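**Q** Okay, so here is structure.cif, and as you'll see once you scroll down, it has mmCIF, C-alpha atoms.
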```
data_start
#
loop_
_atom_site.label_atom_id
_atom_site.label_comp_id
_atom_site.auth_asym_id
_atom_site.auth_seq_id
_atom_site.Cartn_x
_atom_site.Cartn_y
_atom_site.Cartn_z
CA MET A 151 -44.81 12.40 27.23
CA ILE A 152 -42.04 9.79 27.12
CA THR A 153 -39.46 12.46 26.32
CA LEU A 154 -40.54 14.52 29.33
CA LEU A 155 -40.34 11.53 31.62
CA LEU A 156 -36.86 10.70 30.40
CA ALA A 157 -35.74 14.26 30.98
CA SER A 158 -37.01 14.19 34.55
CA CYS A 159 -35.35 10.81 35.17
CA SER A 160 -31.99 12.14 34.07
CA GLN A 161 -32.17 14.73 36.86
CA GLN A 162 -32.60 12.23 39.66
CA GLN A 163 -29.58 12.18 41.96
CA THR A 164 -30.10 8.49 42.77
CA LEU A 165 -29.29 7.48 39.20
CA ARG A 166 -25.84 9.06 39.05
CA GLY A 167 -24.02 6.13 40.58
CA VAL A 168 -25.97 3.62 38.49
CA PHE A 169 -25.04 5.36 35.24
CA SER A 170 -21.37 6.03 35.99
CA ASN A 171 -19.91 2.99 34.20
CA GLN A 172 -22.61 2.43 31.64
CA THR A 173 -22.54 3.05 27.91
CA PRO A 174 -24.86 5.75 26.51
CA HIS A 175 -27.18 2.97 25.25
CA GLU A 176 -27.27 1.33 28.67
CA LYS A 177 -27.93 4.67 30.38
CA TYR A 178 -30.86 5.32 28.07
CA ALA A 179 -32.28 1.83 28.67
CA ALA A 180 -31.94 2.41 32.43
CA LYS A 181 -33.90 5.65 32.09
CA LEU A 182 -36.69 3.78 30.32
CA LYS A 183 -36.84 1.22 33.12
CA SER A 184 -36.63 3.86 35.86
CA ALA A 185 -39.65 5.60 34.35
CA ASN A 186 -41.43 2.21 33.94
CA LEU A 187 -41.51 2.86 30.21
CA HIS A 188 -40.10 -0.61 29.61
CA GLU A 189 -43.59 -1.85 30.44
CA THR A 190 -45.17 0.14 27.62
CA ALA A 191 -45.53 -1.33 24.14
CA LEU A 192 -43.08 1.18 22.63
CA GLY A 193 -40.56 0.71 25.40
CA GLN A 194 -40.69 -3.06 25.07
CA LYS A 195 -40.24 -2.86 21.32
CA TRP A 196 -37.22 -0.57 21.71
CA LEU A 197 -35.52 -2.96 24.14
CA GLN A 198 -36.41 -5.97 22.00
CA ALA A 199 -35.06 -4.25 18.89
CA SER A 200 -31.70 -3.62 20.55
CA GLU A 201 -31.30 -7.34 21.31
CA GLN A 202 -32.73 -8.52 18.01
CA ALA A 203 -30.28 -6.38 16.03
CA LEU A 204 -27.42 -8.49 17.37
CA GLN A 205 -29.09 -11.76 16.42
CA ASP A 206 -30.39 -10.62 13.02
CA SER A 207 -27.36 -8.58 11.99
CA ILE A 208 -26.57 -8.66 8.29
CA ILE A 209 -23.11 -9.65 7.06
CA VAL A 210 -21.50 -6.74 5.20
CA THR A 211 -18.32 -6.50 3.17
CA LEU A 212 -16.15 -3.46 3.83
CA PRO A 213 -16.14 -0.72 2.81
CA PHE A 214 -19.91 -0.42 3.27
CA LYS A 215 -22.32 2.49 3.08
CA GLU A 216 -26.05 2.55 3.69
CA THR A 217 -28.70 5.24 3.85
CA GLY A 218 -32.01 4.66 5.57
CA TYR A 219 -34.86 6.07 7.58
CA PHE A 220 -35.79 5.79 11.25
CA ALA A 221 -39.56 6.07 11.74
CA ALA A 222 -40.67 7.62 15.03
CA ASP A 223 -43.52 5.15 15.52
CA LYS A 224 -41.45 2.01 14.83
CA PRO A 225 -38.62 1.35 17.31
CA LYS A 226 -35.74 -0.08 15.37
CA ALA A 227 -32.06 -1.01 15.62
CA LEU A 228 -29.62 -1.87 12.84
CA GLY A 229 -27.11 -4.68 13.11
CA TYR A 230 -24.09 -5.03 10.81
CA ARG A 231 -21.87 -8.13 11.10
CA ILE A 232 -18.24 -7.69 10.03
CA ASP A 233 -15.51 -10.30 9.53
CA ALA A 234 -12.82 -8.22 11.24
CA GLN A 235 -9.12 -9.06 11.37
CA ARG A 236 -6.48 -8.34 13.95
CA GLY A 237 -4.46 -5.35 12.79
CA GLN A 238 -7.40 -3.45 11.33
CA ARG A 239 -8.97 -0.31 12.68
CA LEU A 240 -12.73 -0.20 12.15
CA ILE A 241 -14.05 3.30 11.50
CA VAL A 242 -17.76 4.07 11.54
CA ASN A 243 -19.14 7.42 10.39
CA LEU A 244 -22.76 8.39 10.98
CA GLU A 245 -24.68 11.23 9.36
CA VAL A 246 -28.18 12.08 10.57
CA GLN A 247 -30.74 14.44 9.09
CA ALA A 248 -33.71 15.17 11.35
CA ARG A 249 -36.05 18.05 12.14
CA GLU A 250 -35.48 17.60 15.87
CA GLN A 251 -32.28 16.66 17.65
CA LEU A 252 -31.90 12.89 17.39
CA GLN A 253 -29.74 10.76 19.67
CA VAL A 254 -28.33 7.69 17.94
CA PHE A 255 -26.42 5.03 19.87
CA MET A 256 -23.52 3.21 18.21
CA ASP A 257 -22.07 0.13 19.91
CA LEU A 258 -19.51 -2.40 18.72
CA PHE A 259 -19.46 -6.02 19.90
CA GLU A 260 -17.22 -9.03 19.38
CA THR A 261 -19.21 -12.21 18.83
CA GLY A 262 -18.48 -15.91 18.97
CA ASN A 263 -20.31 -19.04 20.17
CA GLY A 264 -23.52 -17.08 20.54
CA THR A 265 -22.09 -14.53 22.97
CA TYR A 266 -21.60 -10.79 22.52
CA LYS A 267 -18.76 -8.90 24.20
CA HIS A 268 -19.13 -5.13 24.22
CA LEU A 269 -15.99 -3.42 22.90
CA ALA A 270 -16.70 0.24 22.22
CA ALA A 271 -19.42 2.86 22.15
CA ALA A 272 -19.67 6.28 20.59
CA ASP A 273 -20.84 9.25 22.59
CA THR A 274 -24.25 10.35 21.35
CA ALA A 275 -22.77 13.73 20.43
CA ALA A 276 -20.11 12.04 18.29
CA THR A 277 -20.50 10.99 14.66
CA THR A 278 -17.54 8.60 14.55
CA LEU A 279 -16.62 5.36 16.28
CA SER A 280 -13.07 3.99 15.92
CA TYR A 281 -11.74 0.69 17.24
CA GLU A 282 -8.54 -1.34 16.79
CA VAL A 283 -9.43 -4.98 16.26
CA GLU A 284 -7.60 -7.27 18.69
CA GLU A 285 -8.76 -10.70 17.54
CA ASP A 286 -9.81 -12.35 14.27
CA GLN A 287 -13.50 -12.52 15.11
CA GLN A 288 -16.83 -11.44 13.75
CA HIS A 289 -17.80 -8.04 15.10
CA VAL A 290 -21.30 -6.58 15.21
CA LEU A 291 -22.06 -2.87 14.96
CA ARG A 292 -25.41 -1.86 16.43
CA VAL A 293 -26.98 1.49 15.52
CA GLN A 294 -30.17 2.50 17.32
CA PRO A 295 -32.00 5.83 17.67
CA GLU A 296 -33.88 7.03 20.73
CA LEU A 297 -37.63 6.61 21.00
CA LEU A 298 -40.18 8.79 19.21
CA ARG A 299 -37.70 10.53 16.91
CA SER A 300 -37.53 10.17 13.15
CA GLY A 301 -34.73 10.97 10.76
CA GLN A 302 -32.63 9.87 7.83
CA TYR A 303 -29.28 8.22 8.49
CA THR A 304 -26.21 7.35 6.48
CA VAL A 305 -23.77 4.91 8.05
CA THR A 306 -20.34 4.23 6.54
CA ILE A 307 -18.14 1.39 7.80
CA GLN A 308 -14.53 1.12 6.70
CA ALA A 309 -11.35 -0.67 7.78
CA GLU A 310 -7.86 0.75 7.71
CA PRO A 311 -4.47 -0.69 8.76
CA ILE A 312 -3.19 0.29 12.20
CA LEU A 313 0.43 0.42 11.00
CA ALA A 314 2.16 2.48 8.33
CA PHE A 315 3.33 0.45 5.33
CA PRO A 316 6.91 -0.68 6.14
CA VAL A 317 8.53 0.28 2.81
CA ALA A 318 8.61 3.91 1.67
CA GLY A 319 6.62 4.62 -1.48
CA LYS A 320 5.19 1.10 -1.70
CA SER A 321 1.87 -0.56 -0.89
CA SER A 322 0.43 -4.04 -0.50
CA ARG A 323 0.49 -4.34 -4.31
CA ASN A 324 4.25 -4.79 -3.94
CA ILE A 325 3.93 -7.86 -1.72
CA ALA A 326 5.12 -10.94 -3.60
CA SER A 327 5.23 -13.52 -0.82
CA ILE A 328 2.55 -13.77 1.83
CA TRP A 329 1.95 -15.24 5.25
CA GLY A 330 2.00 -19.05 5.26
CA ASP A 331 3.91 -19.61 2.00
CA PRO A 332 6.12 -22.73 2.24
CA ARG A 333 9.81 -22.33 3.01
CA ASP A 334 12.75 -24.80 2.95
CA ALA A 335 10.85 -27.28 0.76
CA GLY A 336 7.84 -27.14 3.06
CA ALA A 337 9.76 -27.68 6.29
CA ARG A 338 8.45 -24.38 7.62
CA SER A 339 6.00 -21.66 6.62
CA HIS A 340 6.57 -17.98 5.96
CA GLU A 341 6.03 -15.94 9.13
CA GLY A 342 5.60 -12.59 7.45
CA ILE A 343 5.29 -10.80 4.12
CA ASP A 344 7.96 -9.92 1.53
CA VAL A 345 7.81 -6.45 -0.01
CA PHE A 346 10.00 -6.04 -3.09
CA ALA A 347 11.66 -2.70 -3.84
CA LYS A 348 14.89 -1.31 -5.25
CA ARG A 349 18.04 -1.70 -3.19
CA GLY A 350 18.43 1.29 -0.88
CA THR A 351 14.68 1.99 -0.53
CA PRO A 352 13.96 3.08 3.08
CA ALA A 353 12.40 0.54 5.44
CA ILE A 354 10.27 2.60 7.79
CA ALA A 355 8.82 2.27 11.27
CA GLY A 356 5.17 1.17 11.15
CA THR A 357 4.47 2.90 14.45
CA ALA A 358 6.13 4.80 17.27
CA GLY A 359 8.37 2.53 19.32
CA THR A 360 11.78 1.66 20.68
CA VAL A 361 14.51 -0.12 18.71
CA ARG A 362 15.09 -3.30 20.71
CA GLN A 363 17.70 -5.04 18.57
CA VAL A 364 20.00 -4.26 15.65
CA ALA A 365 21.85 -7.38 14.49
CA THR A 366 23.12 -9.56 11.67
CA THR A 367 21.87 -13.17 11.56
CA PRO A 368 22.42 -16.09 9.12
CA ARG A 369 18.77 -16.25 8.04
CA GLY A 370 17.59 -12.63 8.33
CA GLY A 371 20.87 -10.93 7.42
CA LYS A 372 20.82 -7.40 8.72
CA VAL A 373 17.74 -7.09 10.93
CA VAL A 374 16.00 -4.56 13.17
CA TRP A 375 13.51 -5.36 15.93
CA LEU A 376 11.12 -2.54 16.90
CA THR A 377 9.09 -2.73 20.11
CA ASP A 378 5.45 -1.60 19.85
CA ILE A 379 4.82 -1.56 23.58
CA ASN A 380 1.29 -0.14 23.39
CA ARG A 381 0.11 -3.16 21.41
CA ARG A 382 2.40 -5.63 23.19
CA GLN A 383 4.15 -6.76 20.02
CA SER A 384 7.45 -6.49 18.13
CA LEU A 385 7.96 -5.57 14.47
CA TYR A 386 10.70 -7.47 12.62
CA TYR A 387 12.59 -6.05 9.60
CA ALA A 388 14.97 -8.46 7.78
CA HIS A 389 17.33 -8.67 4.74
CA LEU A 390 18.34 -5.01 5.10
CA ASP A 391 21.29 -3.69 3.12
CA SER A 392 22.22 -1.40 6.01
CA HIS A 393 21.10 -0.33 9.50
CA LEU A 394 20.29 3.31 10.21
CA VAL A 395 19.22 3.09 13.86
CA GLN A 396 20.72 2.03 17.18
CA VAL A 397 19.47 -0.07 20.08
CA GLY A 398 17.38 1.99 22.49
CA GLN A 399 16.55 4.67 19.90
CA GLN A 400 13.03 6.11 20.03
CA VAL A 401 11.37 6.38 16.60
CA GLN A 402 8.09 7.65 15.21
CA ALA A 403 5.91 6.12 12.50
CA GLY A 404 7.57 6.81 9.15
CA ASP A 405 11.14 7.11 10.48
CA THR A 406 13.75 5.19 8.48
CA LEU A 407 15.15 2.09 10.23
CA GLY A 408 17.36 0.83 7.42
CA LEU A 409 17.66 0.37 3.66
CA ILE A 410 16.23 -2.50 1.60
CA GLY A 411 18.64 -5.22 0.50
CA ASN A 412 18.92 -9.00 0.17
CA THR A 413 21.23 -10.03 3.01
CA GLY A 414 21.02 -13.34 4.92
CA ASN A 415 19.31 -16.23 3.15
CA ALA A 416 17.86 -13.81 0.56
CA ARG A 417 21.17 -13.47 -1.33
CA THR A 418 19.77 -15.29 -4.38
CA THR A 419 16.60 -13.17 -4.58
CA SER A 420 15.91 -9.60 -5.59
CA PRO A 421 16.12 -6.92 -2.86
CA HIS A 422 13.11 -6.98 -0.59
CA LEU A 423 12.01 -6.49 3.00
CA HIS A 424 10.82 -9.42 5.08
CA PHE A 425 8.37 -7.88 7.55
CA GLY A 426 6.98 -9.80 10.51
CA ILE A 427 4.95 -9.14 13.63
CA TYR A 428 5.32 -11.11 16.87
CA ARG A 429 2.73 -10.72 19.62
CA TYR A 430 3.86 -11.13 23.20
CA GLY A 431 2.78 -14.55 24.41
CA HIS A 432 1.32 -15.55 21.03
CA GLY A 433 4.19 -15.60 18.56
CA ALA A 434 4.01 -14.65 14.88
CA THR A 435 0.83 -13.22 13.41
CA ASN A 436 -0.18 -12.33 9.85
CA PRO A 437 1.10 -8.78 9.13
CA TYR A 438 -1.06 -8.25 6.04
CA PRO A 439 -4.16 -6.76 7.76
CA TYR A 440 -1.85 -4.48 9.78
CA VAL A 441 -0.51 -2.76 6.64
CA HIS A 442 -3.03 -3.33 3.82
CA GLN A 443 -4.82 -0.16 2.76
CA SER A 444 -7.81 -0.93 0.54
CA ALA A 445 -8.02 1.20 -2.58
CA THR A 446 -11.76 0.53 -2.88
CA PRO A 447 -13.94 3.46 -1.78
CA ALA A 448 -17.25 2.95 -0.03
CA PRO A 449 -19.81 2.32 -2.80
CA ALA A 450 -22.13 5.19 -3.60
CA VAL A 451 -25.77 4.76 -2.60
CA LYS A 452 -27.65 4.69 -5.90
CA ILE A 453 -31.20 4.11 -4.73
CA ASN A 454 -34.06 6.58 -5.09
CA GLY A 455 -33.89 8.48 -1.81
CA GLU A 456 -37.48 9.66 -2.16
CA LEU A 457 -38.62 6.08 -1.52
CA LEU A 458 -37.07 5.87 1.95
CA GLY A 459 -39.86 5.06 4.37
CA ASN A 460 -42.32 4.50 1.51
CA TRP A 461 -43.78 1.45 -0.23
CA VAL A 462 -42.62 -0.34 -3.36
CA ARG A 463 -43.80 -3.57 -4.95
CA VAL A 464 -42.29 -6.32 -7.04
CA ALA A 465 -42.46 -5.23 -10.68
CA SER A 466 -41.20 -8.40 -12.38
CA ARG A 467 -42.94 -11.79 -12.49
CA ASN A 468 -40.77 -12.96 -9.60
CA ALA A 469 -38.02 -11.33 -7.57
CA ASN A 470 -35.41 -12.74 -5.20
CA VAL A 471 -34.92 -11.34 -1.73
CA ARG A 472 -31.53 -11.81 -0.05
CA LEU A 473 -30.17 -11.34 3.46
CA GLN A 474 -27.11 -9.52 2.12
CA PRO A 475 -26.95 -6.81 -0.57
CA SER A 476 -25.18 -9.03 -3.09
CA ILE A 477 -26.09 -11.56 -5.77
CA LYS A 478 -23.50 -13.81 -4.10
CA SER A 479 -25.80 -14.06 -1.10
CA GLY A 480 -28.21 -16.99 -1.11
CA VAL A 481 -31.87 -16.42 -1.98
CA TYR A 482 -33.92 -15.95 1.17
CA LEU A 483 -37.31 -15.69 -0.54
CA SER A 484 -38.71 -15.50 -4.04
CA LEU A 485 -41.67 -13.13 -4.18
CA PRO A 486 -44.41 -12.91 -6.82
CA GLN A 487 -45.34 -9.80 -8.75
CA HIS A 488 -47.10 -7.01 -6.83
CA THR A 489 -45.79 -8.09 -3.41
CA PRO A 490 -45.67 -4.86 -1.32
CA LEU A 491 -42.43 -4.00 0.47
CA GLN A 492 -41.59 -1.00 2.64
CA VAL A 493 -38.22 0.65 1.95
CA THR A 494 -36.24 1.21 5.13
CA GLY A 495 -32.82 1.88 3.59
CA GLY A 496 -30.50 1.22 0.74
CA THR A 497 -26.90 0.45 -0.14
CA SER A 498 -25.35 0.69 -3.61
CA SER A 499 -28.20 -0.41 -5.94
CA TRP A 500 -30.03 -2.51 -3.32
CA TYR A 501 -33.06 -1.55 -1.27
CA ARG A 502 -33.23 -2.59 2.35
CA ILE A 503 -36.88 -3.56 2.72
CA ALA A 504 -39.29 -4.70 5.40
CA LEU A 505 -41.24 -7.73 4.23
CA PRO A 506 -44.96 -7.95 5.08
CA THR A 507 -43.90 -10.26 7.93
CA GLY A 508 -41.71 -7.50 9.42
CA LYS A 509 -38.42 -9.28 8.58
CA GLU A 510 -35.85 -7.02 6.89
CA ALA A 511 -33.83 -8.10 3.86
CA TYR A 512 -32.49 -6.75 0.55
CA ILE A 513 -33.83 -6.61 -2.97
CA ALA A 514 -32.30 -5.23 -6.17
CA SER A 515 -33.71 -1.81 -7.02
CA SER A 516 -34.16 -2.89 -10.65
CA VAL A 517 -36.95 -5.37 -9.85
CA VAL A 518 -39.27 -3.09 -7.86
CA GLU A 519 -41.42 -0.04 -8.59
CA PRO A 520 -43.12 2.59 -6.41
CA ALA A 521 -46.42 1.30 -5.04
CA THR A 522 -48.29 4.45 -5.97
CA LYS A 523 -50.41 3.62 -9.01
CA PRO A 524 -53.15 1.14 -8.04
CA VAL A 525 -53.21 -2.29 -9.65
CA LYS A 526 -57.01 -2.22 -9.47
CA TYR A 527 -59.88 -0.64 -7.53
CA LYS A 528 -62.36 -2.41 -5.27
CA LYS A 529 -65.30 -1.64 -3.03
CA LEU A 530 -65.99 -3.28 0.34
CA THR A 531 -69.05 -5.53 0.36
CA SER A 532 -69.29 -5.50 4.17
CA ASP A 533 -67.75 -3.82 7.20
CA THR A 534 -64.11 -4.84 7.60
CA LYS A 535 -60.96 -3.98 9.50
CA LEU A 536 -57.92 -2.27 8.05
CA LEU A 537 -55.03 -4.34 9.46
CA ASP A 538 -51.45 -3.26 10.13
CA GLN A 539 -50.00 -6.56 8.84
CA ALA A 540 -50.89 -9.32 6.40
CA HIS A 541 -52.04 -11.68 9.14
CA PRO A 542 -55.52 -12.64 10.39
CA GLN A 543 -54.54 -11.79 13.97
CA ALA A 544 -52.95 -8.44 13.12
CA ALA A 545 -54.08 -5.30 14.92
CA ALA A 546 -56.79 -3.18 13.34
CA LYS A 547 -55.71 0.33 12.32
CA ASN A 548 -59.19 1.40 11.27
CA ASN A 549 -62.70 0.10 10.81
CA LEU A 550 -64.00 0.46 7.26
CA PRO A 551 -67.75 0.46 6.51
CA ALA A 552 -69.30 -1.42 3.62
CA GLY A 553 -69.17 0.53 0.38
CA THR A 554 -65.76 2.08 1.09
CA SER A 555 -63.73 2.53 -2.11
CA ILE A 556 -60.19 1.25 -1.88
CA ALA A 557 -57.16 1.23 -4.18
CA ILE A 558 -55.35 -2.12 -4.37
CA LEU A 559 -51.59 -1.56 -4.46
CA GLY A 560 -50.46 -5.16 -4.10
CA SER A 561 -51.10 -8.49 -2.40
CA TYR A 562 -49.35 -11.02 -0.18
CA GLN A 563 -50.42 -14.46 1.03
CA GLY A 564 -54.16 -13.91 0.71
CA PHE A 565 -54.27 -10.28 1.81
CA ASP A 566 -54.58 -7.12 -0.28
CA PHE A 567 -52.41 -4.12 0.48
CA VAL A 568 -54.66 -1.07 0.08
CA ARG A 569 -54.88 2.67 0.27
CA ILE A 570 -58.20 4.18 1.30
CA ASP A 571 -59.47 7.60 0.19
CA ALA A 572 -58.09 9.20 3.36
CA GLY A 573 -54.61 8.16 2.25
CA GLU A 574 -54.13 5.51 4.94
CA PHE A 575 -52.36 2.25 4.07
CA GLY A 576 -53.15 -1.21 5.42
CA TRP A 577 -54.21 -4.80 4.69
CA ILE A 578 -57.64 -6.31 4.14
CA ASN A 579 -59.21 -9.67 3.36
CA PRO A 580 -59.94 -9.63 -0.40
CA GLN A 581 -62.97 -11.91 0.06
CA LEU A 582 -64.80 -8.90 1.48
CA THR A 583 -64.43 -6.83 -1.67
CA VAL A 584 -65.70 -6.58 -5.20
CA SER A 585 -63.84 -5.14 -8.19
CA VAL A 586 -65.26 -1.93 -9.60
CA ARG A 587 -62.74 -1.20 -12.42
#
```
Here is a file; write its structure as structure tokens.
**A**
Amino acid sequence: MITLLLASCSQQQTLRGVFSNQTPHEKYAAKLKSANLHETALGQKWLQASEQALQDSIIVTLPFKETGYFAADKPKALGYRIDAQRGQRLIVNLEVQAREQLQVFMDLFETGNGTYKHLAAADTAATTLSYEVEEDQQHVLRVQPELLRSGQYTVTIQAEPILAFPVAGKSSRNIASIWGDPRDAGARSHEGIDVFAKRGTPAIAGTAGTVRQVATTPRGGKVVWLTDINRRQSLYYAHLDSHLVQVGQQVQAGDTLGLIGNTGNARTTSPHLHFGIYRYGHGATNPYPYVHQSATPAPAVKINGELLGNWVRVASRNANVRLQPSIKSGVYLSLPQHTPLQVTGGTSSWYRIALPTGKEAYIASSVVEPATKPVKYKKLTSDTKLLDQAHPQAAAKNNLPAGTSIAILGSYQGFDFVRIDAGEFGWINPQLTVSVR
């Protein structure tokens, strides 16, 4: 019914002007409100999930890869928080497997001081989002599917440099002096990086641009300044052995500007290129993120994919739950044996799980087991409600008569997690049961 209403809303002429400058996510939210679906329980949960994903986003280290499951009956949004650096290009790839066509909205935000600035959005028909980071800030990626559609997703987030490495045949492993290193006995700091290479190695253009200056100076020796007008910055190449370009020359990324040497104040050092970046109106900035290409691939997802969307429980005496998929992350909770957890995703060897409270976190796959074989069996001593959460005020999914046989799969804070003969899962008060085996 909701899908039909949304389809009819999209045909209304009056909405065309409203939607013209909105992101796909905003357009979809506007459709919900136009159809008054934001007043329904599902509509409210979808809108709340989109906001909550920004606040509850998990901090991830790039490259990052996660596989998970979107359940049709549980509106959900994912939030990934990234410590992004100026000079990087963030690339997000999304793969979706679903029986029916599934729209998934990807939006990137810059965050600071509790605010969220929208930066980029992917078209719902696209599977990739790419964005050049402009400021050293935390960024949040939000991924959210449309209502009433289920499917499996795999999201991969990577960072790559926006410039070509400035020395032919070399990489950031050949950098021997970095941004901020002391110079002149501490009187000044290094405003660039030094890449060491054999004399005569080509120094290459990091991007397309115009040669602004070709000169010889006491400190830099033979230098070339390249204007990167699109990014409002200049690239500085110093200590060259020779110039191979002229002022006003147009170059492309990878073109040779000069040959590596040790001219200027580098006469007592081995041949190398001093490479710097100067932003218009801001001065020097750290070039390293602009040229560093990580050799680390996105980690393979090693979890049991058959458990996506299903229940597991703590197998060991105690197990730690963390807000990030890493043992370096602080312990969020320590859970006792047989605590039920629903698997919503996984990255590397960590399960992304929904706690009985609804909060999502991570747990090592080695400390849980499928919640399929019952811990024990019980029979209800009186009529009781099958609850959807481990809370006395939770909604009832079903009413169970006295004498109903139930399989106990786990427990949490005074409630038993059970499976009844019909195969339905839920929570009950254990005081209303008696053990039968």
**Q** For range 485-500 of chain A, work out the shell of residues within 6 Å, counting all atoms listed in the file and skipping chain neighbours fewer than 6 positions away, then give it as a list in words.
**A**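 With the cut-off at 6 Å, the set is Lys215, Glu216, Thr217, Gly218, Tyr219, Pro449, Ala450, Val451, Lys452, Ile453, Leu458, Gly459, Asn460, Trp461, Val462, Arg463, Val464, Ala465, Ser466, Arg467, Asn468, Ala469, Pro475, Ile513, Ala514, Ser515, Gly560, Ser561 and Tyr562 of chain A.
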**Q** Suppose a student applies the PyMOL selection byres ((chain A and resi 472) around 7) to this structure; what residues should they get, written as a list in words?
**A**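 Applying the PyMOL selection byres ((chain A and resi 472) around 7) to the structure shown produces Asn470, Val471, Leu473, Gln474, Pro475, Ser479, Gly480, Val481, Tyr482, Leu483, Ala511, Tyr512 and Ile513 of chain A.
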**Q** Excluding Gly359 in chain A and any residue of its chain fewer than 2 positions from it, enumerate the residues within 12 Å of it, using only C-alpha atoms, and give them as an mmCIF file with C-alpha atoms, keeping the file's coordinate frame.
**A**
```cif
data_model
loop_
_atom_site.group_PDB
_atom_site.id
_atom_site.type_symbol
_atom_site.label_atom_id
_atom_site.label_comp_id
_atom_site.auth_asym_id
_atom_site.auth_seq_id
_atom_site.Cartn_x
_atom_site.Cartn_y
_atom_site.Cartn_z
ATOM 1 C CA LEU A 313 0.430 0.420 11.000
ATOM 2 C CA ILE A 354 10.270 2.600 7.790
ATOM 3 C CA ALA A 355 8.820 2.270 11.270
ATOM 4 C CA GLY A 356 5.170 1.170 11.150
ATOM 5 C CA THR A 357 4.470 2.900 14.450
ATOM 6 C CA VAL A 361 14.510 -0.120 18.710
ATOM 7 C CA ARG A 362 15.090 -3.300 20.710
ATOM 8 C CA TRP A 375 13.510 -5.360 15.930
ATOM 9 C CA LEU A 376 11.120 -2.540 16.900
ATOM 10 C CA THR A 377 9.090 -2.730 20.110
ATOM 11 C CA ASP A 378 5.450 -1.600 19.850
ATOM 12 C CA ILE A 379 4.820 -1.560 23.580
ATOM 13 C CA ASN A 380 1.290 -0.140 23.390
ATOM 14 C CA ARG A 381 0.110 -3.160 21.410
ATOM 15 C CA ARG A 382 2.400 -5.630 23.190
ATOM 16 C CA GLN A 383 4.150 -6.760 20.020
ATOM 17 C CA SER A 384 7.450 -6.490 18.130
ATOM 18 C CA LEU A 385 7.960 -5.570 14.470
ATOM 19 C CA VAL A 397 19.470 -0.070 20.080
ATOM 20 C CA GLY A 398 17.380 1.990 22.490
ATOM 21 C CA GLN A 399 16.550 4.670 19.900
ATOM 22 C CA GLN A 400 13.030 6.110 20.030
ATOM 23 C CA VAL A 401 11.370 6.380 16.600
ATOM 24 C CA GLN A 402 8.090 7.650 15.210
ATOM 25 C CA ALA A 403 5.910 6.120 12.500
ATOM 26 C CA GLY A 404 7.570 6.810 9.150
ATOM 27 C CA ASP A 405 11.140 7.110 10.480
ATOM 28 C CA LEU A 407 15.150 2.090 10.230
#
```
**Q** For CA of Lys526 in chain A and CA of Glu574 in chain A, determine how far apart the two atoms are, in Å to one decimal place.
**A**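 Answer for the CA of Lys526 in chain A to CA of Glu574 in chain A separation: 16.6 Å.
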**Q** Neighbouring residues of range 578-582 of chain A were defined as those with any atom within 8 Å, considering all atoms listed in the file; residues of the same chain fewer than 3 positions away were excluded. Please report them as a CSV table (one decimal) with C-alpha atoms, keeping the file's coordinate frame.
**A**
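Output file selection36.csv follows:
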```
chain,number,residue,atom,x,y,z
A,530,LEU,CA,-66.0,-3.3,0.3
A,531,THR,CA,-69.0,-5.5,0.4
A,532,SER,CA,-69.3,-5.5,4.2
A,534,THR,CA,-64.1,-4.8,7.6
A,535,LYS,CA,-61.0,-4.0,9.5
A,536,LEU,CA,-57.9,-2.3,8.0
A,537,LEU,CA,-55.0,-4.3,9.5
A,540,ALA,CA,-50.9,-9.3,6.4
A,564,GLY,CA,-54.2,-13.9,0.7
A,565,PHE,CA,-54.3,-10.3,1.8
A,566,ASP,CA,-54.6,-7.1,-0.3
A,567,PHE,CA,-52.4,-4.1,0.5
A,568,VAL,CA,-54.7,-1.1,0.1
```
**Q** Would you compute the distance between CA of Phe259 in chain A and CA of Ile232 in chain A? Give it in Å to one decimal.
**A** 10.1 Å
**Q** Can you tell me, as a PyMOL selection string, what residues are no more than 8 Å from Glu284 in chain A when counting all atoms listed in the file, ignoring any on the same chain fewer than 2 positions away?
**A** chain A and resi 235-237+282+286
**Q** Kindly save the residues from that selection, with C-alpha atoms included, as a short mmCIF file (atom, residue, chain, number, x, y, z; two decimals), keeping the file's coordinate frame.
**A**
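File out.cif, as written:
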```
data_model
loop_
_atom_site.label_atom_id
_atom_site.label_comp_id
_atom_site.auth_asym_id
_atom_site.auth_seq_id
_atom_site.Cartn_x
_atom_site.Cartn_y
_atom_site.Cartn_z
CA GLN A 235 -9.12 -9.06 11.37
CA ARG A 236 -6.48 -8.34 13.95
CA GLY A 237 -4.46 -5.35 12.79
CA GLU A 282 -8.54 -1.34 16.79
CA ASP A 286 -9.81 -12.35 14.27
#
```
